[in-house]
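Novice: Just coords05.txt, nothing more (compact mmCIF, C-alpha atoms):
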# COMPACT_ATOMS: atom_id res chain seq x y z
CA MET A 1 -2.16 27.67 16.30
CA LYS A 2 -5.58 29.28 16.65
CA LYS A 3 -6.64 26.62 19.16
CA LEU A 4 -3.44 27.13 21.17
CA THR A 5 -3.85 30.90 21.18
CA CYS A 6 -7.43 30.58 22.43
CA LEU A 7 -6.33 28.23 25.16
CA ILE A 8 -3.57 30.58 26.31
CA LEU A 9 -5.96 33.54 26.35
CA ALA A 10 -8.49 31.53 28.29
CA LEU A 11 -5.92 30.55 30.89
CA LEU A 12 -4.75 34.13 31.24
CA MET A 13 -8.33 35.26 31.76
CA LEU A 14 -8.77 32.56 34.36
CA ALA A 15 -5.70 33.72 36.24
CA ALA A 16 -6.75 37.35 36.05
CA LEU A 17 -10.14 36.58 37.52
CA GLY A 18 -8.59 34.64 40.34
CA VAL A 19 -10.63 31.56 39.61
CA SER A 20 -8.96 28.47 41.01
CA ALA A 21 -9.77 24.80 40.89
CA VAL A 22 -6.91 23.91 43.20
CA ALA A 23 -7.02 22.69 46.76
CA SER A 24 -6.57 24.93 49.75
CA GLY A 25 -6.68 24.42 53.46
CA GLU A 26 -9.95 26.32 53.82
CA ALA A 27 -13.35 25.91 52.20
CA SER A 28 -13.72 27.95 49.03
CA GLY A 29 -15.99 28.37 46.04
CA ALA A 30 -14.05 25.63 44.27
CA SER A 31 -14.86 23.04 46.91
CA GLY A 32 -17.80 22.02 49.05
CA GLU A 33 -20.69 19.60 48.96
CA ALA A 34 -22.06 18.81 45.53
CA SER A 35 -25.26 20.73 44.91
CA ASP A 36 -28.52 18.91 45.59
CA GLU A 37 -29.66 19.52 42.03
CA LEU A 38 -26.97 17.21 40.68
CA PHE A 39 -28.34 14.27 42.61
CA ALA A 40 -32.01 15.15 42.74
CA PRO A 41 -34.09 12.02 42.02
CA MET A 42 -35.72 11.83 38.62
CA THR A 43 -39.50 11.94 38.45
CA PHE A 44 -41.37 9.91 35.87
CA PRO A 45 -44.90 10.21 34.39
CA ASP A 46 -47.58 7.63 35.10
CA ASP A 47 -48.72 7.48 31.48
CA ALA A 48 -45.37 6.66 29.83
CA LYS A 49 -42.79 3.90 30.21
CA ILE A 50 -39.35 5.39 30.90
CA VAL A 51 -36.10 3.42 30.61
CA SER A 52 -32.48 4.47 30.88
CA ALA A 53 -28.93 3.53 29.92
CA THR A 54 -25.71 4.85 31.48
CA MET A 55 -22.09 4.86 30.41
CA TYR A 56 -18.79 6.35 31.56
CA SER A 57 -16.12 8.09 29.51
CA VAL A 58 -13.50 10.81 29.67
CA TYR A 59 -13.43 14.23 28.07
CA THR A 60 -11.66 13.24 24.89
CA LYS A 61 -11.81 12.26 21.24
CA SER A 62 -8.33 10.75 21.51
CA PRO A 63 -5.85 9.89 24.29
CA SER A 64 -3.79 12.94 23.36
CA SER A 65 -6.67 15.35 24.00
CA LEU A 66 -6.57 17.48 27.13
CA GLN A 67 -8.20 15.66 30.06
CA ASP A 68 -9.81 17.21 33.10
CA ALA A 69 -12.82 15.11 34.14
CA VAL A 70 -14.65 11.80 33.98
CA ILE A 71 -18.08 11.75 32.32
CA LYS A 72 -21.12 9.87 33.56
CA ALA A 73 -23.90 10.12 30.99
CA THR A 74 -27.44 8.81 31.37
CA LEU A 75 -30.04 8.83 28.61
CA TYR A 76 -33.66 8.47 29.72
CA TRP A 77 -35.93 7.26 26.93
CA ASP A 78 -39.72 7.40 26.69
CA LEU A 79 -40.66 4.02 25.21
CA THR A 80 -44.33 4.91 25.04
CA ASN A 81 -43.83 7.98 22.86
CA ASP A 82 -40.49 6.94 21.30
CA ARG A 83 -38.55 10.05 22.28
CA VAL A 84 -35.89 11.44 24.62
CA TYR A 85 -37.26 11.96 28.11
CA ALA A 86 -34.13 13.45 29.72
CA ILE A 87 -30.34 13.52 29.56
CA ARG A 88 -28.07 13.84 32.56
CA PHE A 89 -24.33 14.39 32.71
CA LEU A 90 -22.21 14.25 35.87
CA GLN A 91 -18.54 15.15 35.44
CA PRO A 92 -16.21 14.99 38.47
CA MET A 93 -12.90 16.77 38.03
CA LEU A 94 -9.55 14.92 38.05
CA PRO A 95 -6.64 15.65 40.43
CA TRP A 96 -4.36 16.36 37.46
CA ASP A 97 -5.74 18.60 34.68
CA ASP A 98 -3.90 18.66 31.34
CA ASN A 99 -5.07 22.23 30.70
CA GLY A 100 -2.38 23.69 32.97
CA VAL A 101 0.24 22.68 35.53
CA SER A 102 -1.70 24.25 38.41
CA MET A 103 -5.24 23.47 37.25
CA GLY A 104 -5.79 20.08 38.91
CA TRP A 105 -7.59 19.97 42.26
CA ALA A 106 -4.62 18.18 43.87
CA CYS A 107 -2.44 21.26 43.34
CA VAL A 108 -1.56 22.76 46.73
CA THR A 109 -1.78 26.54 47.10
CA ASP A 110 -2.44 26.92 50.82
CA ASP A 111 0.83 27.69 52.63
CA THR A 112 -0.09 25.85 55.82
CA LEU A 113 -1.05 22.73 53.91
CA ARG A 114 2.12 22.95 51.82
CA GLU A 115 4.26 23.17 54.98
CA THR A 116 2.49 20.20 56.54
CA LEU A 117 2.93 18.02 53.47
CA ALA A 118 6.49 19.19 52.85
CA ALA A 119 7.49 18.22 56.39
CA SER A 120 6.42 14.64 55.61
CA ASP A 121 7.94 14.56 52.11
CA ALA A 122 4.40 14.36 50.79
CA LEU A 123 4.66 16.85 47.92
CA VAL A 124 5.40 16.45 44.22
CA THR A 125 7.03 19.57 42.77
CA VAL A 126 6.14 20.22 39.15
CA GLN A 127 8.04 23.49 38.89
CA ASP A 128 8.98 26.34 41.20
CA GLY A 129 5.87 27.32 43.15
CA VAL A 130 3.71 24.49 41.81
CA ASP A 131 3.31 21.52 44.14
CA TYR A 132 0.86 18.62 44.20
CA ALA A 133 -0.18 16.36 47.03
CA LYS A 134 1.88 13.17 46.79
CA TYR A 135 -0.65 10.96 48.56
CA LEU A 136 -4.39 11.08 47.96
CA GLN A 137 -7.02 8.77 49.37
CA ILE A 138 -9.88 8.58 46.87
CA GLY A 139 -12.70 6.11 47.37
CA GLY A 140 -10.76 4.15 49.96
CA VAL A 141 -7.73 3.76 47.68
CA VAL A 142 -4.42 5.49 48.37
CA TRP A 143 -2.92 7.00 45.21
CA THR A 144 0.73 7.99 45.05
CA GLY A 145 1.78 10.81 42.74
CA ALA A 146 5.06 11.10 40.89
CA LEU A 147 6.38 13.42 38.23
CA GLY A 148 5.95 11.90 34.79
CA SER A 149 3.97 12.45 31.61
CA ASP A 150 0.73 11.43 29.96
CA PRO A 151 -0.49 11.38 26.34
CA ALA A 152 -1.54 15.04 26.49
CA SER A 153 1.16 16.51 28.74
CA LYS A 154 4.92 16.14 28.53
CA VAL A 155 5.00 16.99 32.24
CA ALA A 156 2.28 15.59 34.47
CA VAL A 157 1.70 14.29 37.98
CA VAL A 158 0.87 10.62 37.50
CA TYR A 159 -1.05 8.89 40.29
CA THR A 160 -0.86 5.12 40.80
CA GLY A 161 -2.79 2.93 43.21
CA GLU A 162 -3.77 -0.66 43.84
CA ILE A 163 -7.13 -1.94 42.58
CA ASP A 164 -8.04 -5.60 43.09
CA GLY A 165 -4.41 -6.47 43.73
CA GLU A 166 -3.09 -4.73 40.62
CA THR A 167 -1.18 -1.47 40.34
CA VAL A 168 -3.02 0.91 38.02
CA VAL A 169 -2.52 4.46 36.75
CA LEU A 170 -5.47 6.66 37.70
CA GLY A 171 -5.54 8.46 34.34
CA GLU A 172 -5.68 5.15 32.51
CA TYR A 173 -8.02 3.38 34.91
CA VAL A 174 -10.75 6.01 34.62
CA ARG A 175 -10.78 5.44 30.85
CA THR A 176 -12.22 1.96 31.41
CA PRO A 177 -15.95 1.47 32.06
CA GLU A 178 -15.29 0.02 35.52
CA GLY A 179 -12.73 2.71 36.34
CA GLY A 180 -15.00 5.52 35.23
CA GLU A 181 -17.85 4.18 37.34
CA TRP A 182 -15.52 3.74 40.31
CA TYR A 183 -14.28 7.33 40.09
CA VAL A 184 -17.76 8.83 39.77
CA ASN A 185 -18.87 6.92 42.87
CA ALA A 186 -15.67 7.76 44.74
CA ALA A 187 -16.11 11.47 43.98
CA MET A 188 -19.19 11.50 46.18
CA GLN A 189 -17.02 10.68 49.21
CA PRO A 190 -14.49 12.98 50.90
CA VAL A 191 -10.93 12.85 49.57
CA TYR A 192 -7.98 12.97 51.97
CA PHE A 193 -4.67 14.69 51.34
CA LEU A 194 -2.30 12.41 53.25
CA THR A 195 1.06 12.87 54.91
CA SER A 196 2.03 9.25 54.22
CA ALA A 197 1.15 6.38 51.91
CA GLU A 198 -0.91 4.56 54.54
CA GLU A 199 -4.70 4.49 54.35
CA THR A 200 -6.30 6.86 56.84
CA ALA A 201 -6.94 5.32 60.24
CA SER A 202 -10.55 4.76 61.25
CA GLY A 203 -12.22 4.78 64.63
CA GLU A 204 -10.21 7.66 66.06
CA PRO A 205 -11.89 9.32 69.09
CA SER A 206 -11.77 12.67 67.32
CA GLY A 207 -13.37 11.21 64.23
CA GLU A 208 -10.44 12.47 62.15
CA PRO A 209 -7.94 10.22 60.34
CA THR A 210 -4.46 10.32 61.87
CA ASN A 211 -2.50 11.06 58.69
CA ALA A 212 -4.94 13.30 56.83
CA ALA A 213 -3.64 16.82 56.35
CA MET A 214 -6.81 18.02 54.64
CA THR A 215 -10.24 16.81 53.61
CA TYR A 216 -11.47 17.79 50.15
CA GLN A 217 -14.71 17.31 48.22
CA ILE A 218 -14.26 16.73 44.50
CA THR A 219 -16.23 19.21 42.45
CA TYR A 220 -18.03 18.78 39.15
CA LYS A 221 -18.17 20.72 35.91
CA GLU A 222 -21.84 21.13 36.69
CA ASN A 223 -21.31 22.94 40.03
CA ASN A 224 -17.86 24.55 40.08
CA GLY A 225 -18.36 27.31 37.52
CA HIS A 226 -16.49 25.42 34.80
CA GLY A 227 -16.55 27.38 31.56
CA VAL A 228 -18.55 30.23 33.08
CA TYR A 229 -15.78 32.57 34.23
CA PHE A 230 -13.95 32.11 30.94
CA TRP A 231 -14.68 30.31 27.73
CA MET A 232 -13.89 30.43 24.05
CA SER A 233 -17.47 30.90 22.85
CA ASP A 234 -20.30 33.21 23.84
CA ILE A 235 -22.63 30.42 24.96
CA LEU A 236 -20.13 29.16 27.57
CA PHE A 237 -19.77 25.57 28.73
CA PRO A 238 -23.28 25.17 30.24
CA GLY A 239 -24.79 26.60 27.08
CA ASN A 240 -22.86 24.11 24.98
CA MET A 241 -24.10 21.23 27.12
CA ASP A 242 -27.69 22.41 26.77
CA ALA A 243 -27.23 22.78 23.01
CA ILE A 244 -25.98 19.18 22.74
CA LYS A 245 -28.96 17.86 24.68
CA GLU A 246 -31.39 19.95 22.63
CA PHE A 247 -29.80 18.82 19.37
CA VAL A 248 -30.33 15.09 19.94
CA THR A 249 -33.74 15.69 21.48
CA GLU A 250 -34.89 17.52 18.36
CA ASN A 251 -32.97 15.61 15.67
CA GLY A 252 -32.53 12.12 17.06
CA PHE A 253 -29.52 9.83 16.73
CA ASP A 254 -29.49 8.96 13.05
CA TYR A 255 -25.93 10.15 12.54
CA ASP A 256 -22.62 8.36 12.21
CA TYR A 257 -19.95 8.41 14.88
CA TYR A 258 -17.25 11.07 14.77
CA ALA A 259 -14.60 8.53 13.74
CA ASP A 260 -16.77 7.59 10.75
CA GLY A 261 -17.12 11.19 9.60
CA GLY A 262 -20.66 11.67 10.86
CA ILE A 263 -19.87 14.71 13.00
CA THR A 264 -18.00 17.68 11.56
CA GLN A 265 -17.45 21.34 12.42
CA ASN A 266 -18.55 24.03 9.97
CA ALA A 267 -16.85 27.33 9.16
CA GLU A 268 -18.78 29.13 11.91
CA GLY A 269 -17.51 26.68 14.52
CA TYR A 270 -20.81 24.82 15.02
CA TRP A 271 -20.78 21.04 15.09
CA GLN A 272 -23.09 19.37 12.63
CA THR A 273 -24.25 16.03 11.33
CA VAL A 274 -25.25 15.30 7.73
CA ASP A 275 -28.82 16.40 8.38
CA ALA A 276 -28.64 19.18 10.96
CA VAL A 277 -26.45 21.84 12.57
CA SER A 278 -26.20 21.90 16.34
CA GLY A 279 -25.90 25.01 18.47
CA ALA A 280 -22.72 23.66 20.08
CA THR A 281 -19.20 24.98 19.51
CA LEU A 282 -17.48 23.03 22.32
CA GLU A 283 -14.38 21.31 20.93
CA GLU A 284 -15.30 17.97 22.46
CA THR A 285 -18.93 18.03 21.26
CA PRO A 286 -18.29 14.79 19.28
CA THR A 287 -17.44 13.03 22.55
CA TYR A 288 -20.88 13.78 23.95
CA LEU A 289 -22.71 13.03 20.70
CA ASP A 290 -20.87 9.70 20.38
CA ILE A 291 -21.79 8.83 23.98
CA LEU A 292 -25.45 9.66 23.47
CA LYS A 293 -25.64 7.70 20.22
CA THR A 294 -24.12 4.68 21.99
CA LEU A 295 -26.66 4.94 24.81
CA TYR A 296 -29.51 5.23 22.31
CA ASN A 297 -28.27 2.11 20.49
CA GLU A 298 -28.09 0.24 23.79
CA ILE A 299 -31.68 1.14 24.59
CA MET A 300 -32.87 0.15 21.12
CA ALA A 301 -31.12 -3.21 21.64
CA GLY A 302 -33.09 -3.72 24.86
CA ASN A 303 -30.15 -3.07 27.18
CA TYR A 304 -31.75 -0.68 29.61
CA ILE A 305 -33.03 -0.17 33.13
CA GLU A 306 -36.76 0.23 33.64
CA GLU A 307 -37.33 3.40 35.62
CA ASN A 308 -41.07 3.07 36.23
Before we go any further, please render this structure as structure tokens.

Specialist:
Amino acid sequence: MKKLTCLILALLMLAALGVSAVASGEASGASGEASDELFAPMTFPDDAKIVSATMYSVYTKSPSSLQDAVIKATLYWDLTNDRVYAIRFLQPMLPWDDNGVSMGWACVTDDTLRETLAASDALVTVQDGVDYAKYLQIGGVVWTGALGSDPASKVAVVYTGEIDGETVVLGEYVRTPEGGEWYVNAAMQPVYFLTSAEETASGEPSGEPTNAAMTYQITYKENNGHGVYFWMSDILFPGNMDAIKEFVTENGFDYDYYADGGITQNAEGYWQTVDAVSGATLEETPTYLDILKTLYNEIMAGNYIEEN
């Protein structure tokens, strides 16, 4: 009940502040090119051997947890000095967000865009006043939305598309290592809101696809103000992410996975392992700690990329 109350309050605060992660027909603070800092090349020292391991996941401890993004995590390890060199997360948002019926970026709020899509029967109505784009082209794949449900939402817009000749559900596909990697790479390209289920035409004299009603750039938790305008703890989402990175940098990875009881939350709301208390209160902290432990184990097993 406490968790639900906090979530409701957070959503109300979000609405009051006018913060929106939904699509519109014009550029806004919720859309735009990903910041250079997210993709800035890493620099490595000459006097230390740096290696890395990367994995993909979703924001969850279980399928029934609220989903809103895909996670790309990279751990850079200093082999020479046997320590963490750097940690990078990149988390592109999903078109449907389980946190609220109008929270996903495929939700249409611009009246002109809504009229254009409605004229082509290219909308999915969730409830009165809440419509989603029916056809999205992401990473060269056309995804078709339909009203349905997922493990965390009784009502959801479920997108399906064809990958390698097979029909897949986007929310399920991104849970796989190959699907997560595909989505992270696709998020770097423009997304098209389509008026039909056909792939956008190429080679048009105008340079614009013939059936694209709008072009959209997927945003990331790292650059769209996620958890800054509202949050359920004083350190906000970015502060939680920093606390997670600092925790493993200072204390290492000698803890058990969450499922094995190695990560628990104390009475003050801070996540802890058997040996140390982190500064993180984020509900899904175990997801990130599990990911980082897995990456560390991969590096210790020799499964890494040499960076220098």

Novice: Hey, which of A:Lys72, A:Lys245, A:Lys293, A:Lys49 ends up closest to Tyr220 of chain A? Count only C-alpha atoms.

Specialist: A:Lys72

Novice: List the neighbours of Gly262 of chain A out to 12 Å using only C-alpha atoms; skip same-chain residues closer than 2 positions along the sequence, and give me the result as a ChimeraX atom specification.

Specialist: /A:253-260,264-265,271-277,286,289-290,293

Novice: Suppose we keep C-alpha atoms; can you now write the selection as a compact mmCIF listing (two decimals), in the frame of the given file?

Specialist:
# COMPACT_ATOMS: atom_id res chain seq x y z
CA PHE A 253 -29.52 9.83 16.73
CA ASP A 254 -29.49 8.96 13.05
CA TYR A 255 -25.93 10.15 12.54
CA ASP A 256 -22.62 8.36 12.21
CA TYR A 257 -19.95 8.41 14.88
CA TYR A 258 -17.25 11.07 14.77
CA ALA A 259 -14.60 8.53 13.74
CA ASP A 260 -16.77 7.59 10.75
CA THR A 264 -18.00 17.68 11.56
CA GLN A 265 -17.45 21.34 12.42
CA TRP A 271 -20.78 21.04 15.09
CA GLN A 272 -23.09 19.37 12.63
CA THR A 273 -24.25 16.03 11.33
CA VAL A 274 -25.25 15.30 7.73
CA ASP A 275 -28.82 16.40 8.38
CA ALA A 276 -28.64 19.18 10.96
CA VAL A 277 -26.45 21.84 12.57
CA PRO A 286 -18.29 14.79 19.28
CA LEU A 289 -22.71 13.03 20.70
CA ASP A 290 -20.87 9.70 20.38
CA LYS A 293 -25.64 7.70 20.22

Novice: Within 12 Å of (-11.9, 1.0, 53.1) (coordinates as in the file), grab all the protein and nucleic acid residues, counting all atoms listed in the file, and write them out as a list in words.

Specialist: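 Counting all atoms listed in the file, I find these residues within 12 Å of (-11.9, 1.0, 53.1): Gln137, Ile138, Gly139, Gly140, Val141, Val142, Ile163, Ala186, Gln189, Glu198, Glu199, Thr200, Ala201 and Ser202 of chain A.
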
Novice: Closest to Thr60 of chain A among A:Thr285, A:Asn211, A:Asn308, A:Thr80, using only C-alpha atoms?

Specialist: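 Ranking A:Thr285, A:Asn211, A:Asn308, A:Thr80 by distance to Thr60 of chain A, first place goes to A:Thr285.
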
Novice: Taking into account only C-alpha atoms, which residue in the set A:Gly239, A:Gly252, A:Gly261, A:Gly161 is nearest to Thr281 of chain A?

Specialist: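 Of A:Gly239, A:Gly252, A:Gly261, A:Gly161, the one nearest Thr281 of chain A is A:Gly239, counting only C-alpha atoms.
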
Novice: Show which residues sit within 6 Å of Tyr76 of chain A, as a list in words. Count all atoms listed in the file, and ignore same-chain residues fewer than 6 positions away.

Specialist: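 So, after excluding close chain neighbours, the residues are Val51, Ser52, Tyr85 and Ala86 of chain A.
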
Novice: Can you pull out the residues contacting Ser102 of chain A? Cut-off 10 Å, using only C-alpha atoms, and skip same-chain residues under 4 positions away; I want them as a ChimeraX atom specification.

Specialist: /A:20-22,96-98,106-109,126-127,129-132

Novice: Contacts of Val168 of chain A at 12 Å or less, counting all atoms listed in the file, minus same-chain residues fewer than 2 places along, as a PyMOL selection string?

Specialist: chain A and resi 141-145+158-166+170-176+179

Novice: Tell me which of A:Gly269, A:Gly100, A:Gly180, A:Pro190 sits closest to Val58 of chain A, counting all atoms listed in the file.

Specialist: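 Of all the options, A:Gly180 lies closest to Val58 of chain A.
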